[in-house]
Each structure stands twice: as C-alpha cells, then as structure tokens.
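**Q** Structure in structure tokens, see below.
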Amino acid sequence: MAVPGALAPYLGPACMIAGAALAAGALVWIARFGEKSRPDREAALGASALTALWCVFGAALGADAPTSELIATARNLAFIAVIFRLFSVDGRDESLRPIRPVILALVLVELMQPVILGLELRVNAPRQLEAVIFEVSAILAMLVAIGALMLLHNLYAGAASASRPVLRWSGIALAGIFGYDLNLHTIAYLGGESPGVLVALRGLFAGAMVGLLAIGANARGASLQLRPSRAVTFQTLSLLVIGSYLLVMVLVTRSIALIGGGGDVARTGQVAFLVLAIVAAVVWLPSERVRSWIRVMAAKHLFQHRYDYRAEWLRFTRTIGRGSGAAASFHERAVKAIADITDSSAGLLLVPDEEARLELTARWNWPTIEVPAVAGEYTLSGLLEQHHHILDLDEVRAGTDYHGEVAQVPTWLREAEDAWALVPLIHFERLVGAIILARPRIERRLDWEDFDLLRVAGQQLASYLAEQAGQQALMDASRFDEFNRRMAFVMHDIKNLASQMSLLAANAEKHADNPAFRADMLVTLRKSSEKLTALLDRLGRYGSGQVQELATVDLAQLARDVARRFDGVHAVALTRNESVAVVGDREALEQALVHLVQNAVDASDGKAAVHIDVTRDGVTGRIDVVDAGHGMSPEFVRHSLFKPFVSSKQGGFGIGAFEAREMIRAMGGRLTVESREGIGSRFSINLPLSEATRLDGTAGDIVSARDNEVA
C-alpha cells in the first residue's frame, strides 16, 4: 500500500510530530495528575517517554532508521512492562507466577529485533536474504503483538468487577497499539513490503493511544465510561463485518495468486472466487436476519441491558401516534408497537367480548395462522386479569404452570409453533386485550428484561385501548341522542298527519254525497290511517330493543314463514326444520330474523342460496342463518357490525343488526356471528326452550327483568 505521491514526503513526518506531541502531553499528565499508588505508574511514564522519543527520531530520521527501530523495541518492552504491572492492580501478585514465563518469552522475542537489525547492517546480503530478514522481522513483531493481545484478554476477563474500571482505558490503549502493529506487520508479511499509509500513520495512532493510557492513569479519568449509542454501535459492527469480509476476500485472492504462481489458472481462480464472494455478499449482508443477529450479539455482549429504554419508548409512542403505514389501523399499530420491542415478526390482538371470551380483533404480518371465532374462553381472561402474567408459550408447551393458566391456553395456540409469547393488556385491574407475539427472527428465550418491558408497555397500550373504546362509546351515545331528537320530530309530524286523516275520514262519513265514492274514500283513508298508526308504533320502539309479550314460539314454523316471504326474490332453503318451541316475542323475533336473512341475501350472489337451520342446542333452541357470500373481517365484526349508524350498505342506517341483537337479548337470548372473508357468514340465535323455562321459572325472570328495564 503506497502513500499518494504528493503526500509521501509530508504525511509520515507530520504524523510522527503529532504523535510526539500527544505522547509528551501524556507524559506530563501522568507525572502531574496520575494516581501515584498505581503499580503501573513508572512503566506508563517510561512507555510515554519512549513513544515521544521514537516519534521524534521517526520524524527526523525516518521510521525505518536503525535508531528509530531500536527505540521502537524499547517502547514495546515498556508496554509489556505496563501489562505486567496491570496484573497486580486487583491484588493478584500471587497469581503472577503463570504470567511471568509468557512475559519473559515476549521480552526475548522482542529482543531478537536488535539482533535482526544488527545482521542487516553488518552483512551485505543479497536480495533474497534481505527478503528473508524482512519476513523474519515481521513474524517476530506479529508474535509479540499476538502474545500481548492474549495477555490483555486474560487480564480483563479475569479481573474483578471493581478492578475493571481501573483497567478499562489502559487496556483499550494497549490493545489499540498492539492491534495496529499486528495488522501492519501481517499486511507487510503478506505483501512483501511495508504498507506506506499504515507506516506513516503509526506515530499519530500510537500518540493517541498513549493519551488514553494517560486517562486511565488518573483516578477521575479511570471512572470515565465510553457509552456509545446503540445505533452507533450497530452501525460500527456492521462496518466491521463488511470490512472483515473484504479483508478475507483480499487474503484469499492473494493466496490463490501465490499458490497458482500468477498463471491463467490462478487468475481464473481469483475471478471465480470474487464472483462467488460478491454473490454471497449481495444475498447475505442486506439480510434482516443478519442485522438482527448483530443487534442481539451487541446487546448481549456490549451493553449492561438488552434494551435502550429511551429509544424503545420513543419508537413505541411514535408507532401508536403516527402509525407504521397509511393503511394501518389503530389496532394493527398497537400490535406492531409491542412486536417491535422484541423484534417479533408478527402478532395478533385478542379482545374480550361481552362474555369475557377472547376474540381476534387485529393481526399484523400474520395472515397464515388460523384463529377460531372464540380464541380464548372466559376462564383464560379471568386468570390473565387476576395474575397479570406474560405467558412464555414455549414453557406452556413444556408444561410449566402459571397459577393454572396453562390448562386454559387454547389448543390452537399450543399447536402454533410460531407463537412465542402472550402479553395481557391490563387497565385498572381489568383485561382489555391480549397480544400474541410471533418468534423473533433470531431465536432466543424470554428473560426478565423482556417481561418487565412488555408488562409496562402492555399497561400503557391498555390505557390507549380503553381510551379509544371510551371515545367510541361517547360518540355512539351522542349519535343516539341526535337520532332520538330527529325521530321525535318525525313522530310528531306523522302523528299530526294520522290525526288529520282520521278527521277527514270522519267528515267524509257525514258529508260525502256519492255512496260509491264515499266507500272507496273511506277504505283508502282507513288503510292509510292504519299504516301510519303502525308506523308510529314501530318508530316508538325503534332501537329500544323492547319486546311486547313473551310466549311460546315454534322456531320451525317461524323459519318457514320467513322463507316464504322471500319466494321469488332469492332462494332461501331450510336445511333442518324440526319443531323447537322457545320462549320469545313472535313479532320481534320475526323482525330480527327477516333482517338477518335480508343481510344474507344482500351478501350473496344471485345463485347462492341462503340456508336457515333450526335445531336444539342443549336447553336452548337455535336458528342459524348461513350464507356463502363475501364474508366479513374480524375487525368489522368486532367494531362495526353491531355498532349503530355504521353500515356497509349504500344509504343504510346501520341500526338493524344492533336492534336485532338488542331485541333477542330482551327475550333472554343471544345472537352470535362467525364470518370468514371470501367464505361466508353464520348468524346464530339462541333462545331458551319453553320446556326449560317451565321447569326453572326463567320466563318469569325474563319478563321481570324486561319490565325493570322499561321502568
């Protein structure tokens, strides 16, 4: 490696002068401010002085001058003495016995350099012998550097925790000096000549490292800690990986050239290796898995804590507030915010329904996992709410019990091998949701830091979810109030119209002269009056969920009547129509069923029939409305289907589904739905059997509860 021609005469001397200034400053600093009780004080003073002297002679005579090389040997011996004295910093003088032979070997190897230098000066050797002497000198320098680095590694790895702050800066300085020498002499040995740039910069680098040695010699400086940000650390490690990769490429291609002797075979081998190496780099280096591995290794070995809590909290807040994409919903952003903490690749959000059963609300980057309509029973929700445990699903599969929670983990979640952790979202001791995280790109076990951070982030996210639900409830209440005010005006106008038409009918009976005309007018007016009165009565109950009178209703007969209403409009088929007697309000139940069938017809194409299925289900009667239409997403079912004023139909009020559910609830029943996009939907109405209500008196309780609600 050659120095550019214009800089060659100036770069080396300039760097040596700068290195001499730095080393001289370090010498003064150690002498005046260095801790006098340190065992390496004298050795550090000698190393600083010799480094400054070496830089001065290197600037004046050149780095390869005999005098400069002799001083360089003395400098290296002083650095070895510093290493030896550092071993006694934490009171390990008794354990120095195994170190002394290594130190002695390094000193002897370093003392071989003046011998090699003397042979080079005394003997007028041929060119081949000069090359041998150069290679031997490089090998000896490499051996000294490797031995010193091994000693430094053992020094820091075996030091007590209290001694490491004392050793930190001195160890960095010595490791930098010998690491630089190792690279310089390795490249010189492989290339057959000294690399010009590295030789020129050697003095400046050595002076800077001696400056770090001076920082470590001071008690206050020894307490300083280098704490680079994680982003800088990750980027630096990435650059080191790329640099190591390029160095390996250079060494391998150089070796192929040396082995092949420079012929066509060697050049072909070099080209082939370069092509393969470039392809491997294109595939491997940009990989997200490689970057994740670098982050995990850096967090594990370079930092006291796995997480940079400030950065994690800022990212969490940014994801929740602004979102990860224009199309991402709030619940998808919530999943991503938690998944980003553990570097998980996907996640699910489960939210409890009115019966505390967990249902899928949102998924992020996880389209393949199959989640049933009831993702978790109420018992799991209760245990999560009671104990606040984050479940390690690998431990769940291994049988580790969390206060009985393992037995309540659903089978589909146990069988999903990609599922990694379940994080409960607790707000004021109430479970508002649970997030299931997929495995991170680099497999690892959950530890205490994961649990602590996920628990705190889960509580924060739970407050966001609760706030969002509260705002939605307030908006619904406000819109209901507005709707009721409008309906009051409509009802008033219709009532006036009905009164006017009734009066007109009464006057017509008295004053009409033509009997035929009078008869037709009376019939028309009477029917109109009856229709308006019925409409007024219906509007009075609209949206209230009230029922008129509970009685025995045959679900099979009701299903047949509803199916007959759609004759000629759409195919509605009864799959099972066994007689099932339940307790309910025939008129309200028919109204709810007609609405469900009409929705199924609207969701189906012209050829796909809608099926009505009537059967017994334990102590309840059940009637299902099944279609093969376009289906609904879990998010729509959860947040829009039973929400008033939200409709997927053009011009729809969005009250029908809500009213149907409320009317069925008023009868003591339950309306549930299962839907899959692209497959279809199933609406199920469950009502208590009349036989069961006669046995336990449930019908009376239902009527009493309804009357109390009305009151």
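Ordering of the structure tokens sets the chain letters (A, B, ...), residue numbers begin anew at 1 in every chain, and ligands are numbered from 1 in the order given.
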Using only C-alpha atoms, determine which residues lie at most 8 Å from region 203-219 of chain A, disregarding the query and same-chain residues fewer than 4 positions distant; provide the list as a PyMOL selection string.
**A** chain A and resi 12+15-23+25-27+29-30+33-35+38+41+44+48+51-52+55+166-170+172-174+176-177+199+223
**Q** If I take CA of Val597 (chain A) and CA of Ile612 (chain A), how far is one from the other in Å, to one decimal?
**A** 8.4 Å
**Q** Find the residues near Ala556 (chain A): any atom within 12 Å, counting only C-alpha atoms, skip ones fewer than 6 places away on the same chain, and give them as a ChimeraX atom specification.
**A** /A:562-563,574-582,590,612-616,621-624
**Q** Just N, CA and C atoms for this one: save the residues we selected as a tab-separated table (two decimals), in the first residue's frame.
**A**
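Okay, selection_11.tsv is ready:
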```tsv
chain	number	residue	atom	x	y	z
A	562	VAL	N	-90.78	-17.02	7.33
A	562	VAL	CA	-89.79	-16.06	6.84
A	562	VAL	C	-89.29	-16.46	5.47
A	563	ALA	N	-89.02	-17.77	5.27
A	563	ALA	CA	-88.54	-18.23	3.97
A	563	ALA	C	-89.56	-17.97	2.88
A	574	LEU	N	-84.51	-24.33	3.86
A	574	LEU	CA	-84.48	-24.83	5.23
A	574	LEU	C	-83.74	-26.16	5.23
A	575	THR	N	-82.63	-26.21	5.93
A	575	THR	CA	-81.86	-27.46	5.99
A	575	THR	C	-82.43	-28.42	7.02
A	576	ARG	N	-82.79	-27.89	8.17
A	576	ARG	CA	-83.47	-28.68	9.20
A	576	ARG	C	-84.59	-27.82	9.77
A	577	ASN	N	-85.76	-28.39	9.90
A	577	ASN	CA	-86.89	-27.62	10.40
A	577	ASN	C	-87.70	-28.41	11.42
A	578	GLU	N	-86.97	-29.10	12.32
A	578	GLU	CA	-87.67	-29.81	13.39
A	578	GLU	C	-88.35	-28.81	14.31
A	579	SER	N	-89.45	-29.23	14.89
A	579	SER	CA	-90.23	-28.34	15.74
A	579	SER	C	-89.47	-28.10	17.04
A	580	VAL	N	-89.19	-26.82	17.31
A	580	VAL	CA	-88.47	-26.42	18.52
A	580	VAL	C	-89.25	-25.26	19.13
A	581	ALA	N	-89.79	-25.47	20.33
A	581	ALA	CA	-90.58	-24.44	21.00
A	581	ALA	C	-89.70	-23.67	21.96
A	582	VAL	N	-89.67	-22.36	21.76
A	582	VAL	CA	-88.87	-21.49	22.62
A	582	VAL	C	-89.76	-20.40	23.18
A	590	GLU	N	-89.53	-12.37	14.59
A	590	GLU	CA	-89.67	-12.41	13.13
A	590	GLU	C	-88.97	-11.21	12.50
A	612	ILE	N	-81.46	-21.66	6.23
A	612	ILE	CA	-81.94	-21.48	7.60
A	612	ILE	C	-81.98	-22.86	8.24
A	613	ASP	N	-81.34	-22.96	9.42
A	613	ASP	CA	-81.22	-24.25	10.10
A	613	ASP	C	-81.79	-24.12	11.50
A	614	VAL	N	-82.76	-24.98	11.85
A	614	VAL	CA	-83.41	-24.96	13.16
A	614	VAL	C	-83.07	-26.25	13.88
A	615	THR	N	-82.60	-26.13	15.12
A	615	THR	CA	-82.22	-27.33	15.88
A	615	THR	C	-82.24	-27.01	17.36
A	616	ARG	N	-82.13	-28.08	18.18
A	616	ARG	CA	-81.99	-27.93	19.62
A	616	ARG	C	-80.50	-27.88	19.95
A	621	GLY	N	-83.09	-23.38	22.09
A	621	GLY	CA	-83.38	-23.60	20.68
A	621	GLY	C	-82.52	-22.69	19.84
A	622	ARG	N	-82.09	-23.19	18.70
A	622	ARG	CA	-81.13	-22.44	17.89
A	622	ARG	C	-81.61	-22.36	16.46
A	623	ILE	N	-81.51	-21.18	15.88
A	623	ILE	CA	-81.83	-20.99	14.48
A	623	ILE	C	-80.67	-20.25	13.84
A	624	ASP	N	-80.09	-20.86	12.81
A	624	ASP	CA	-78.91	-20.32	12.13
A	624	ASP	C	-79.30	-19.80	10.76
```
**Q** Kindly give the distance, in Å, that separates CA of Ala145 (chain A) and CA of Leu182 (chain A), rounded to a single decimal.
**A**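 That distance, rounded to one decimal, is 5.5 Å.
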**Q** Rank A:Arg357, A:His185, A:His630, A:Arg363 by their smallest atom-to-atom distance to Leu140 (chain A), using only C-alpha atoms, and report the top residue only.
**A**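 Of all the options, A:His185 lies closest to Leu140 (chain A).
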**Q** Just to confirm, what's the straight-line distance from CA of Arg414 (chain A) to CA of Val396 (chain A) in Å (one decimal)?
**A**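 So the answer is 7.6 Å.
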**Q** With a distance cut-off of 12 Å and only C-alpha atoms, select the neighbouring residues of Thr317 (chain A), excluding the residue or stretch itself and same-chain residues fewer than 5 positions from it, and output the selection as a ChimeraX atom specification.
**A** /A:310-312,322-324,333-334,336-338,340-341,457,460-461,464
**Q** Output all heavy atoms of each residue in that selection to a file, as a tab-separated table (two decimals), in the first residue's frame.
**A**
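Result file selection38.tsv:
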```
chain	number	residue	atom	x	y	z
A	310	ARG	N	-35.01	4.38	26.45
A	310	ARG	CA	-35.43	5.65	25.86
A	310	ARG	C	-35.83	5.47	24.41
A	310	ARG	O	-36.89	5.93	23.96
A	310	ARG	CB	-34.31	6.68	25.99
A	310	ARG	CG	-34.59	8.01	25.30
A	310	ARG	CD	-33.42	8.96	25.43
A	310	ARG	NE	-33.63	10.18	24.67
A	310	ARG	CZ	-33.38	10.30	23.37
A	310	ARG	NH1	-32.88	9.26	22.69
A	310	ARG	NH2	-33.62	11.43	22.74
A	311	ALA	N	-34.97	4.78	23.64
A	311	ALA	CA	-35.26	4.58	22.22
A	311	ALA	C	-36.51	3.72	22.03
A	311	ALA	O	-37.33	3.98	21.15
A	311	ALA	CB	-34.06	3.93	21.53
A	312	GLU	N	-36.67	2.68	22.87
A	312	GLU	CA	-37.84	1.81	22.75
A	312	GLU	C	-39.12	2.58	23.03
A	312	GLU	O	-40.12	2.42	22.34
A	312	GLU	CB	-37.72	0.62	23.70
A	312	GLU	CG	-36.60	-0.35	23.38
A	312	GLU	CD	-36.80	-1.07	22.06
A	312	GLU	OE1	-37.95	-1.11	21.57
A	312	GLU	OE2	-35.82	-1.59	21.51
A	322	ARG	N	-48.38	7.98	15.17
A	322	ARG	CA	-48.38	8.30	13.74
A	322	ARG	C	-48.66	7.08	12.87
A	322	ARG	O	-49.08	7.22	11.74
A	322	ARG	CB	-47.02	8.88	13.35
A	322	ARG	CG	-46.78	10.25	13.91
A	322	ARG	CD	-45.77	10.99	13.08
A	322	ARG	NE	-44.56	10.23	12.87
A	322	ARG	CZ	-43.34	10.65	13.17
A	322	ARG	NH1	-43.19	11.85	13.70
A	322	ARG	NH2	-42.29	9.92	12.93
A	323	GLY	N	-48.38	5.90	13.38
A	323	GLY	CA	-48.65	4.72	12.59
A	323	GLY	C	-47.46	4.27	11.79
A	323	GLY	O	-46.54	5.02	11.53
A	324	SER	N	-47.49	2.99	11.39
A	324	SER	CA	-46.42	2.39	10.59
A	324	SER	C	-46.72	2.43	9.11
A	324	SER	O	-45.92	2.02	8.29
A	324	SER	CB	-46.20	0.94	11.03
A	324	SER	OG	-47.40	0.20	10.87
A	333	ARG	N	-51.49	-1.02	14.55
A	333	ARG	CA	-50.35	-0.28	15.09
A	333	ARG	C	-50.05	-0.70	16.52
A	333	ARG	O	-48.89	-0.72	16.93
A	333	ARG	CB	-50.62	1.23	15.03
A	333	ARG	CG	-50.83	1.77	13.63
A	333	ARG	CD	-50.65	3.28	13.57
A	333	ARG	NE	-51.42	4.01	14.54
A	333	ARG	CZ	-52.66	4.45	14.36
A	333	ARG	NH1	-53.27	4.20	13.21
A	333	ARG	NH2	-53.28	5.13	15.30
A	334	ALA	N	-51.08	-1.01	17.28
A	334	ALA	CA	-50.87	-1.46	18.65
A	334	ALA	C	-50.08	-2.76	18.69
A	334	ALA	O	-49.17	-2.93	19.50
A	334	ALA	CB	-52.23	-1.63	19.35
A	336	LYS	N	-48.06	-3.88	16.32
A	336	LYS	CA	-46.71	-3.61	15.85
A	336	LYS	C	-45.85	-2.95	16.92
A	336	LYS	O	-44.66	-3.25	17.05
A	336	LYS	CB	-46.75	-2.73	14.60
A	336	LYS	CG	-45.37	-2.48	13.97
A	336	LYS	CD	-45.46	-1.58	12.76
A	336	LYS	CE	-44.12	-1.47	12.06
A	336	LYS	NZ	-43.05	-0.95	12.95
A	337	ALA	N	-46.45	-2.05	17.70
A	337	ALA	CA	-45.69	-1.35	18.73
A	337	ALA	C	-45.13	-2.32	19.76
A	337	ALA	O	-44.00	-2.17	20.22
A	337	ALA	CB	-46.58	-0.31	19.41
A	338	ILE	N	-45.90	-3.34	20.13
A	338	ILE	CA	-45.41	-4.35	21.08
A	338	ILE	C	-44.44	-5.29	20.40
A	338	ILE	O	-43.41	-5.67	20.98
A	338	ILE	CB	-46.60	-5.12	21.68
A	338	ILE	CG1	-47.49	-4.17	22.50
A	338	ILE	CG2	-46.11	-6.26	22.56
A	338	ILE	CD1	-46.85	-3.62	23.74
A	340	ASP	N	-42.41	-4.76	17.92
A	340	ASP	CA	-41.11	-4.13	17.65
A	340	ASP	C	-40.18	-4.20	18.85
A	340	ASP	O	-38.95	-4.21	18.69
A	340	ASP	CB	-41.32	-2.67	17.25
A	340	ASP	CG	-41.81	-2.53	15.82
A	340	ASP	OD1	-41.70	-3.52	15.06
A	340	ASP	OD2	-42.32	-1.46	15.46
A	341	ILE	N	-40.72	-4.25	20.05
A	341	ILE	CA	-39.88	-4.28	21.25
A	341	ILE	C	-39.02	-5.53	21.27
A	341	ILE	O	-37.81	-5.47	21.56
A	341	ILE	CB	-40.76	-4.20	22.51
A	341	ILE	CG1	-41.45	-2.83	22.58
A	341	ILE	CG2	-39.95	-4.47	23.77
A	341	ILE	CD1	-42.42	-2.70	23.72
A	457	ALA	N	-45.12	-1.77	28.85
A	457	ALA	CA	-45.66	-1.35	27.56
A	457	ALA	C	-47.10	-1.83	27.40
A	457	ALA	O	-47.95	-1.13	26.83
A	457	ALA	CB	-44.79	-1.88	26.42
A	460	GLN	N	-49.40	0.49	29.28
A	460	GLN	CA	-49.58	1.74	28.54
A	460	GLN	C	-50.52	1.56	27.36
A	460	GLN	O	-51.40	2.38	27.10
A	460	GLN	CB	-48.22	2.26	28.07
A	460	GLN	CG	-48.26	3.61	27.39
A	460	GLN	CD	-48.61	4.74	28.33
A	460	GLN	OE1	-48.46	4.60	29.54
A	460	GLN	NE2	-49.07	5.85	27.79
A	461	LEU	N	-50.31	0.46	26.62
A	461	LEU	CA	-51.17	0.19	25.47
A	461	LEU	C	-52.61	-0.07	25.91
A	461	LEU	O	-53.56	0.32	25.22
A	461	LEU	CB	-50.62	-1.02	24.70
A	461	LEU	CG	-51.38	-1.42	23.44
A	461	LEU	CD1	-51.44	-0.26	22.46
A	461	LEU	CD2	-50.73	-2.62	22.79
A	464	TYR	N	-54.40	3.11	26.19
A	464	TYR	CA	-54.79	3.64	24.88
A	464	TYR	C	-56.05	2.95	24.37
A	464	TYR	O	-56.96	3.60	23.84
A	464	TYR	CB	-53.66	3.45	23.88
A	464	TYR	CG	-52.42	4.28	24.14
A	464	TYR	CD1	-51.16	3.83	23.76
A	464	TYR	CD2	-52.50	5.52	24.74
A	464	TYR	CE1	-50.03	4.59	24.00
A	464	TYR	CE2	-51.38	6.28	24.98
A	464	TYR	CZ	-50.14	5.81	24.61
A	464	TYR	OH	-49.03	6.56	24.84
```
**Q** Which residue out of A:Gly629, A:Leu143, A:Arg586, A:Leu453 has the minimum interatomic distance to Trp313 (chain A) when only C-alpha atoms are used?
**A**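 The shortest atom-to-atom distance to Trp313 (chain A) comes from A:Leu453.
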